[in-house]
$ cat input02.cif   # mmCIF, N, CA and C atoms, pLDDT in the B column; chains and numbers go by the auth columns
data_final
loop_
_atom_site.group_PDB
_atom_site.id
_atom_site.type_symbol
_atom_site.label_atom_id
_atom_site.label_comp_id
_atom_site.label_asym_id
_atom_site.label_seq_id
_atom_site.Cartn_x
_atom_site.Cartn_y
_atom_site.Cartn_z
_atom_site.B_iso_or_equiv
_atom_site.auth_seq_id
_atom_site.auth_asym_id
ATOM 1 N N MET A 1 177.813 115.826 78.416 78.00 1 V
ATOM 2 C CA MET A 1 177.055 116.876 79.086 78.00 1 V
ATOM 3 C C MET A 1 177.536 116.980 80.537 78.00 1 V
ATOM 4 N N GLN A 2 177.840 118.184 80.954 81.00 2 V
ATOM 5 C CA GLN A 2 178.316 118.389 82.314 81.00 2 V
ATOM 6 C C GLN A 2 177.148 118.605 83.267 81.00 2 V
ATOM 7 N N ARG A 3 177.348 118.123 84.476 81.00 3 V
ATOM 8 C CA ARG A 3 176.353 118.356 85.523 81.00 3 V
ATOM 9 C C ARG A 3 176.632 119.705 86.149 81.00 3 V
ATOM 10 N N HIS A 4 175.577 120.398 86.453 83.00 4 V
ATOM 11 C CA HIS A 4 175.724 121.670 87.158 83.00 4 V
ATOM 12 C C HIS A 4 175.757 121.379 88.648 83.00 4 V
ATOM 13 N N ARG A 5 176.890 121.627 89.252 83.00 5 V
ATOM 14 C CA ARG A 5 177.053 121.362 90.683 83.00 5 V
ATOM 15 C C ARG A 5 177.115 122.680 91.432 83.00 5 V
ATOM 16 N N PHE A 6 176.602 122.657 92.636 81.00 6 V
ATOM 17 C CA PHE A 6 176.693 123.838 93.470 81.00 6 V
ATOM 18 C C PHE A 6 176.843 123.411 94.911 81.00 6 V
ATOM 19 N N LYS A 7 177.402 124.278 95.695 85.00 7 V
ATOM 20 C CA LYS A 7 177.655 124.028 97.111 85.00 7 V
ATOM 21 C C LYS A 7 176.497 124.580 97.923 85.00 7 V
ATOM 22 N N HIS A 8 175.906 123.731 98.749 81.00 8 V
ATOM 23 C CA HIS A 8 174.833 124.194 99.618 81.00 8 V
ATOM 24 C C HIS A 8 175.429 125.027 100.747 81.00 8 V
ATOM 25 N N THR A 9 174.751 126.115 101.076 89.00 9 V
ATOM 26 C CA THR A 9 175.232 126.955 102.163 89.00 9 V
ATOM 27 C C THR A 9 174.689 126.475 103.507 89.00 9 V
ATOM 28 N N LYS A 10 173.630 125.675 103.465 91.00 10 V
ATOM 29 C CA LYS A 10 173.041 125.136 104.690 91.00 10 V
ATOM 30 C C LYS A 10 173.096 123.614 104.639 91.00 10 V
ATOM 31 N N SER A 11 173.101 123.005 105.808 90.00 11 V
ATOM 32 C CA SER A 11 173.138 121.549 105.867 90.00 11 V
ATOM 33 C C SER A 11 171.788 120.972 105.456 90.00 11 V
ATOM 34 N N LEU A 12 171.791 119.707 105.144 90.00 12 V
ATOM 35 C CA LEU A 12 170.545 119.020 104.775 90.00 12 V
ATOM 36 C C LEU A 12 169.530 119.133 105.903 90.00 12 V
ATOM 37 N N ASN A 13 169.994 118.971 107.124 92.00 13 V
ATOM 38 C CA ASN A 13 169.109 119.044 108.288 92.00 13 V
ATOM 39 C C ASN A 13 168.437 120.414 108.381 92.00 13 V
ATOM 40 N N GLU A 14 169.219 121.484 108.204 94.00 14 V
ATOM 41 C CA GLU A 14 168.664 122.842 108.256 94.00 14 V
ATOM 42 C C GLU A 14 167.629 123.054 107.158 94.00 14 V
ATOM 43 N N ARG A 15 167.953 122.587 105.957 94.00 15 V
ATOM 44 C CA ARG A 15 167.026 122.766 104.842 94.00 15 V
ATOM 45 C C ARG A 15 165.729 121.984 105.057 94.00 15 V
ATOM 46 N N LEU A 16 165.836 120.781 105.610 95.00 16 V
ATOM 47 C CA LEU A 16 164.633 119.981 105.879 95.00 16 V
ATOM 48 C C LEU A 16 163.757 120.637 106.940 95.00 16 V
ATOM 49 N N LEU A 17 164.382 121.144 107.991 95.00 17 V
ATOM 50 C CA LEU A 17 163.607 121.786 109.057 95.00 17 V
ATOM 51 C C LEU A 17 162.952 123.077 108.564 95.00 17 V
ATOM 52 N N GLU A 18 163.651 123.836 107.732 96.00 18 V
ATOM 53 C CA GLU A 18 163.060 125.047 107.167 96.00 18 V
ATOM 54 C C GLU A 18 161.857 124.701 106.288 96.00 18 V
ATOM 55 N N GLU A 19 161.987 123.640 105.511 96.00 19 V
ATOM 56 C CA GLU A 19 160.884 123.197 104.655 96.00 19 V
ATOM 57 C C GLU A 19 159.688 122.773 105.506 96.00 19 V
ATOM 58 N N ALA A 20 159.946 122.073 106.608 96.00 20 V
ATOM 59 C CA ALA A 20 158.868 121.644 107.497 96.00 20 V
ATOM 60 C C ALA A 20 158.133 122.843 108.082 96.00 20 V
ATOM 61 N N ILE A 21 158.877 123.854 108.507 97.00 21 V
ATOM 62 C CA ILE A 21 158.256 125.067 109.064 97.00 21 V
ATOM 63 C C ILE A 21 157.413 125.767 108.004 97.00 21 V
ATOM 64 N N LYS A 22 157.968 125.882 106.797 97.00 22 V
ATOM 65 C CA LYS A 22 157.247 126.538 105.709 97.00 22 V
ATOM 66 C C LYS A 22 155.946 125.798 105.392 97.00 22 V
ATOM 67 N N LEU A 23 156.008 124.466 105.363 96.00 23 V
ATOM 68 C CA LEU A 23 154.818 123.669 105.055 96.00 23 V
ATOM 69 C C LEU A 23 153.775 123.750 106.167 96.00 23 V
ATOM 70 N N LYS A 24 154.227 123.807 107.422 96.00 24 V
ATOM 71 C CA LYS A 24 153.280 123.951 108.537 96.00 24 V
ATOM 72 C C LYS A 24 152.545 125.281 108.452 96.00 24 V
ATOM 73 N N GLU A 25 153.290 126.350 108.149 97.00 25 V
ATOM 74 C CA GLU A 25 152.666 127.667 108.030 97.00 25 V
ATOM 75 C C GLU A 25 151.694 127.702 106.850 97.00 25 V
ATOM 76 N N GLU A 26 152.077 127.058 105.760 95.00 26 V
ATOM 77 C CA GLU A 26 151.212 126.972 104.591 95.00 26 V
ATOM 78 C C GLU A 26 149.928 126.212 104.933 95.00 26 V
ATOM 79 N N ALA A 27 150.065 125.127 105.692 95.00 27 V
ATOM 80 C CA ALA A 27 148.908 124.310 106.051 95.00 27 V
ATOM 81 C C ALA A 27 147.938 125.094 106.941 95.00 27 V
ATOM 82 N N LYS A 28 148.458 125.956 107.804 95.00 28 V
ATOM 83 C CA LYS A 28 147.589 126.749 108.679 95.00 28 V
ATOM 84 C C LYS A 28 146.674 127.672 107.877 95.00 28 V
ATOM 85 N N LEU A 29 147.150 128.125 106.715 96.00 29 V
ATOM 86 C CA LEU A 29 146.381 129.062 105.896 96.00 29 V
ATOM 87 C C LEU A 29 145.340 128.364 105.019 96.00 29 V
ATOM 88 N N LEU A 30 145.506 127.058 104.841 95.00 30 V
ATOM 89 C CA LEU A 30 144.582 126.321 103.981 95.00 30 V
ATOM 90 C C LEU A 30 143.341 125.894 104.762 95.00 30 V
ATOM 91 N N PRO A 31 142.194 125.790 104.071 96.00 31 V
ATOM 92 C CA PRO A 31 140.997 125.271 104.743 96.00 31 V
ATOM 93 C C PRO A 31 141.155 123.765 104.978 96.00 31 V
ATOM 94 N N HIS A 32 140.399 123.236 105.928 96.00 32 V
ATOM 95 C CA HIS A 32 140.445 121.799 106.200 96.00 32 V
ATOM 96 C C HIS A 32 140.099 121.046 104.929 96.00 32 V
ATOM 97 N N GLY A 33 140.849 120.013 104.657 96.00 33 V
ATOM 98 C CA GLY A 33 140.614 119.226 103.462 96.00 33 V
ATOM 99 C C GLY A 33 141.880 118.544 102.993 96.00 33 V
ATOM 100 N N PRO A 34 141.819 117.972 101.793 96.00 34 V
ATOM 101 C CA PRO A 34 142.954 117.183 101.306 96.00 34 V
ATOM 102 C C PRO A 34 144.237 117.992 101.076 96.00 34 V
ATOM 103 N N LEU A 35 144.128 119.229 100.650 95.00 35 V
ATOM 104 C CA LEU A 35 145.334 120.041 100.442 95.00 35 V
ATOM 105 C C LEU A 35 146.053 120.332 101.755 95.00 35 V
ATOM 106 N N ARG A 36 145.261 120.631 102.784 96.00 36 V
ATOM 107 C CA ARG A 36 145.856 120.900 104.100 96.00 36 V
ATOM 108 C C ARG A 36 146.485 119.631 104.664 96.00 36 V
ATOM 109 N N GLU A 37 145.805 118.517 104.504 97.00 37 V
ATOM 110 C CA GLU A 37 146.349 117.245 104.990 97.00 37 V
ATOM 111 C C GLU A 37 147.654 116.899 104.263 97.00 37 V
ATOM 112 N N ALA A 38 147.699 117.164 102.960 96.00 38 V
ATOM 113 C CA ALA A 38 148.907 116.865 102.191 96.00 38 V
ATOM 114 C C ALA A 38 150.076 117.738 102.662 96.00 38 V
ATOM 115 N N ALA A 39 149.818 119.020 102.914 96.00 39 V
ATOM 116 C CA ALA A 39 150.888 119.918 103.389 96.00 39 V
ATOM 117 C C ALA A 39 151.363 119.484 104.774 96.00 39 V
ATOM 118 N N THR A 40 150.436 119.101 105.633 96.00 40 V
ATOM 119 C CA THR A 40 150.789 118.634 106.978 96.00 40 V
ATOM 120 C C THR A 40 151.613 117.347 106.892 96.00 40 V
ATOM 121 N N LYS A 41 151.222 116.454 106.002 97.00 41 V
ATOM 122 C CA LYS A 41 151.951 115.191 105.837 97.00 41 V
ATOM 123 C C LYS A 41 153.369 115.444 105.338 97.00 41 V
ATOM 124 N N ARG A 42 153.519 116.338 104.364 96.00 42 V
ATOM 125 C CA ARG A 42 154.847 116.658 103.838 96.00 42 V
ATOM 126 C C ARG A 42 155.705 117.313 104.916 96.00 42 V
ATOM 127 N N ALA A 43 155.103 118.128 105.780 97.00 43 V
ATOM 128 C CA ALA A 43 155.849 118.748 106.882 97.00 43 V
ATOM 129 C C ALA A 43 156.355 117.676 107.841 97.00 43 V
ATOM 130 N N ARG A 44 155.505 116.712 108.174 97.00 44 V
ATOM 131 C CA ARG A 44 155.917 115.607 109.060 97.00 44 V
ATOM 132 C C ARG A 44 157.035 114.792 108.418 97.00 44 V
ATOM 133 N N GLN A 45 156.928 114.556 107.111 97.00 45 V
ATOM 134 C CA GLN A 45 157.960 113.789 106.421 97.00 45 V
ATOM 135 C C GLN A 45 159.298 114.526 106.442 97.00 45 V
ATOM 136 N N ALA A 46 159.262 115.836 106.263 96.00 46 V
ATOM 137 C CA ALA A 46 160.497 116.624 106.300 96.00 46 V
ATOM 138 C C ALA A 46 161.113 116.589 107.697 96.00 46 V
ATOM 139 N N GLU A 47 160.281 116.668 108.735 96.00 47 V
ATOM 140 C CA GLU A 47 160.789 116.587 110.110 96.00 47 V
ATOM 141 C C GLU A 47 161.406 115.220 110.383 96.00 47 V
ATOM 142 N N MET A 48 160.723 114.169 109.930 96.00 48 V
ATOM 143 C CA MET A 48 161.246 112.811 110.130 96.00 48 V
ATOM 144 C C MET A 48 162.567 112.637 109.390 96.00 48 V
ATOM 145 N N ALA A 49 162.671 113.175 108.183 95.00 49 V
ATOM 146 C CA ALA A 49 163.915 113.081 107.422 95.00 49 V
ATOM 147 C C ALA A 49 165.043 113.813 108.143 95.00 49 V
ATOM 148 N N ALA A 50 164.732 114.960 108.751 94.00 50 V
ATOM 149 C CA ALA A 50 165.746 115.701 109.510 94.00 50 V
ATOM 150 C C ALA A 50 166.207 114.890 110.713 94.00 50 V
ATOM 151 N N HIS A 51 165.283 114.251 111.399 92.00 51 V
ATOM 152 C CA HIS A 51 165.651 113.425 112.557 92.00 51 V
ATOM 153 C C HIS A 51 166.479 112.211 112.118 92.00 51 V
ATOM 154 N N MET A 52 166.107 111.625 110.985 92.00 52 V
ATOM 155 C CA MET A 52 166.874 110.483 110.484 92.00 52 V
ATOM 156 C C MET A 52 168.280 110.911 110.085 92.00 52 V
ATOM 157 N N ASP A 53 168.410 112.100 109.492 91.00 53 V
ATOM 158 C CA ASP A 53 169.722 112.616 109.126 91.00 53 V
ATOM 159 C C ASP A 53 170.580 112.803 110.375 91.00 53 V
ATOM 160 N N ASP A 54 169.983 113.346 111.442 89.00 54 V
ATOM 161 C CA ASP A 54 170.706 113.490 112.719 89.00 54 V
ATOM 162 C C ASP A 54 171.183 112.134 113.222 89.00 54 V
ATOM 163 N N TRP A 55 170.269 111.171 113.190 88.00 55 V
ATOM 164 C CA TRP A 55 170.566 109.840 113.704 88.00 55 V
ATOM 165 C C TRP A 55 171.666 109.176 112.887 88.00 55 V
ATOM 166 N N LEU A 56 171.542 109.246 111.555 87.00 56 V
ATOM 167 C CA LEU A 56 172.519 108.582 110.697 87.00 56 V
ATOM 168 C C LEU A 56 173.896 109.230 110.759 87.00 56 V
ATOM 169 N N SER A 57 173.956 110.502 111.073 86.00 57 V
ATOM 170 C CA SER A 57 175.260 111.167 111.135 86.00 57 V
ATOM 171 C C SER A 57 175.806 111.232 112.556 86.00 57 V
ATOM 172 N N SER A 58 175.151 110.571 113.491 83.00 58 V
ATOM 173 C CA SER A 58 175.630 110.613 114.875 83.00 58 V
ATOM 174 C C SER A 58 176.908 109.790 115.022 83.00 58 V
ATOM 175 N N PRO A 59 177.786 110.187 115.941 80.00 59 V
ATOM 176 C CA PRO A 59 179.044 109.458 116.122 80.00 59 V
ATOM 177 C C PRO A 59 178.837 108.037 116.629 80.00 59 V
ATOM 178 N N ALA A 60 177.722 107.755 117.264 78.00 60 V
ATOM 179 C CA ALA A 60 177.479 106.417 117.799 78.00 60 V
ATOM 180 C C ALA A 60 177.330 105.380 116.695 78.00 60 V
ATOM 181 N N LEU A 61 176.973 105.794 115.487 72.00 61 V
ATOM 182 C CA LEU A 61 176.781 104.842 114.398 72.00 61 V
ATOM 183 C C LEU A 61 178.036 104.595 113.584 72.00 61 V
ATOM 184 N N ARG A 62 179.071 105.339 113.826 71.00 62 V
ATOM 185 C CA ARG A 62 180.294 105.164 113.057 71.00 62 V
ATOM 186 C C ARG A 62 181.036 103.908 113.522 71.00 62 V
ATOM 187 N N SER A 63 181.596 103.194 112.585 72.00 63 V
ATOM 188 C CA SER A 63 182.342 101.988 112.950 72.00 63 V
ATOM 189 C C SER A 63 183.657 102.406 113.611 72.00 63 V
ATOM 190 N N PRO A 64 184.134 101.595 114.534 67.00 64 V
ATOM 191 C CA PRO A 64 185.379 101.950 115.229 67.00 64 V
ATOM 192 C C PRO A 64 186.562 101.944 114.258 67.00 64 V
ATOM 193 N N LYS A 65 187.523 102.807 114.511 71.00 65 V
ATOM 194 C CA LYS A 65 188.733 102.859 113.694 71.00 65 V
ATOM 195 C C LYS A 65 189.647 101.710 114.104 71.00 65 V
ATOM 196 N N LYS A 66 190.581 101.384 113.277 69.00 66 V
ATOM 197 C CA LYS A 66 191.465 100.253 113.541 69.00 66 V
ATOM 198 C C LYS A 66 192.196 100.423 114.877 69.00 66 V
ATOM 199 N N ASP A 67 192.571 101.633 115.224 65.00 67 V
ATOM 200 C CA ASP A 67 193.291 101.888 116.475 65.00 67 V
ATOM 201 C C ASP A 67 192.415 101.686 117.693 65.00 67 V
ATOM 202 N N GLU A 68 191.081 101.783 117.517 59.00 68 V
ATOM 203 C CA GLU A 68 190.163 101.699 118.645 59.00 68 V
ATOM 204 C C GLU A 68 189.635 100.303 118.901 59.00 68 V
ATOM 205 N N THR A 69 189.910 99.347 118.021 58.00 69 V
ATOM 206 C CA THR A 69 189.370 98.000 118.205 58.00 69 V
ATOM 207 C C THR A 69 190.150 97.245 119.266 58.00 69 V
ATOM 208 N N PRO A 70 189.427 96.575 120.154 62.00 70 V
ATOM 209 C CA PRO A 70 190.114 95.811 121.184 62.00 70 V
ATOM 210 C C PRO A 70 190.737 94.557 120.589 62.00 70 V
ATOM 211 N N GLY A 71 191.720 94.035 121.242 60.00 71 V
ATOM 212 C CA GLY A 71 192.338 92.796 120.803 60.00 71 V
ATOM 213 C C GLY A 71 193.847 92.923 120.748 60.00 71 V
ATOM 214 N N PRO A 72 194.466 91.854 120.268 62.00 72 V
ATOM 215 C CA PRO A 72 195.945 91.888 120.217 62.00 72 V
ATOM 216 C C PRO A 72 196.417 92.938 119.217 62.00 72 V
ATOM 217 N N GLY A 73 197.395 93.692 119.592 52.00 73 V
ATOM 218 C CA GLY A 73 197.823 94.803 118.784 52.00 73 V
ATOM 219 C C GLY A 73 199.107 94.623 118.165 52.00 73 V
#
$ encode --input "input02.cif" --output "structure tokens"
Amino acid sequence: MQRHRFKHTKSLNERLLEEAIKLKEEAKLLPHGPLREAATKRARQAEMAAHMDDWLSSPALRSPKKDETPGPG
């Protein structure tokens, strides 16, 4: 069985932030209660995931290349 693969047109970070915005707007329309709290929580989780994606893909976390390591060459 073949997997259906597709190319995302937006980055993971963009998609997470869009989802967070959508969930925040959805939560504003809901009355106070468990459904609104759940939408707000999912929005926060999407924002945190976007921030973690930024952090994990930052150049500061990449290991140095062989040419960049100090020492005898």
$ resolve_selection --input "input02.cif" --expression "the PyMOL selection byres (((chain V and resi 11-16 and name CA) around 8) and name CA)" --output "list of chain:residue names"
V:His8, V:Thr9, V:Lys10, V:Leu17, V:Glu18, V:Glu19, V:Ala20, V:Ala46, V:Glu47, V:Ala49, V:Ala50, V:His51, V:Asp53, V:Asp54
$ atom_distance --input "input02.cif" --atom1 "CA of Ile21 in chain V" --atom2 "CA of Arg36 in chain V"
14.0 Å
$ select_by_dssp --input "input02.cif" --residues "chain V" --states "alpha helix (DSSP H)" --output "count of residues only"
41
$ atom_distance --input "input02.cif" --atom1 "atom N of Lys24 in chain V" --atom2 "CA of Trp55 in chain V"
22.4 Å
$ closest_residue --input "input02.cif" --among "V:Leu29, V:Met1, V:Leu56, V:Leu23" --to "Lys41 in chain V" --atoms "only N, CA and C atoms"
V:Leu23
$ closest_residue --input "input02.cif" --among "V:Thr40, V:Ser58, V:Gln2, V:Ser63" --to "Lys28 in chain V" --atoms "only C-alpha atoms"
V:Thr40
$ atom_distance --input "input02.cif" --atom1 "CA of Gln45 in chain V" --atom2 "atom N of Ser57 in chain V"
17.0 Å
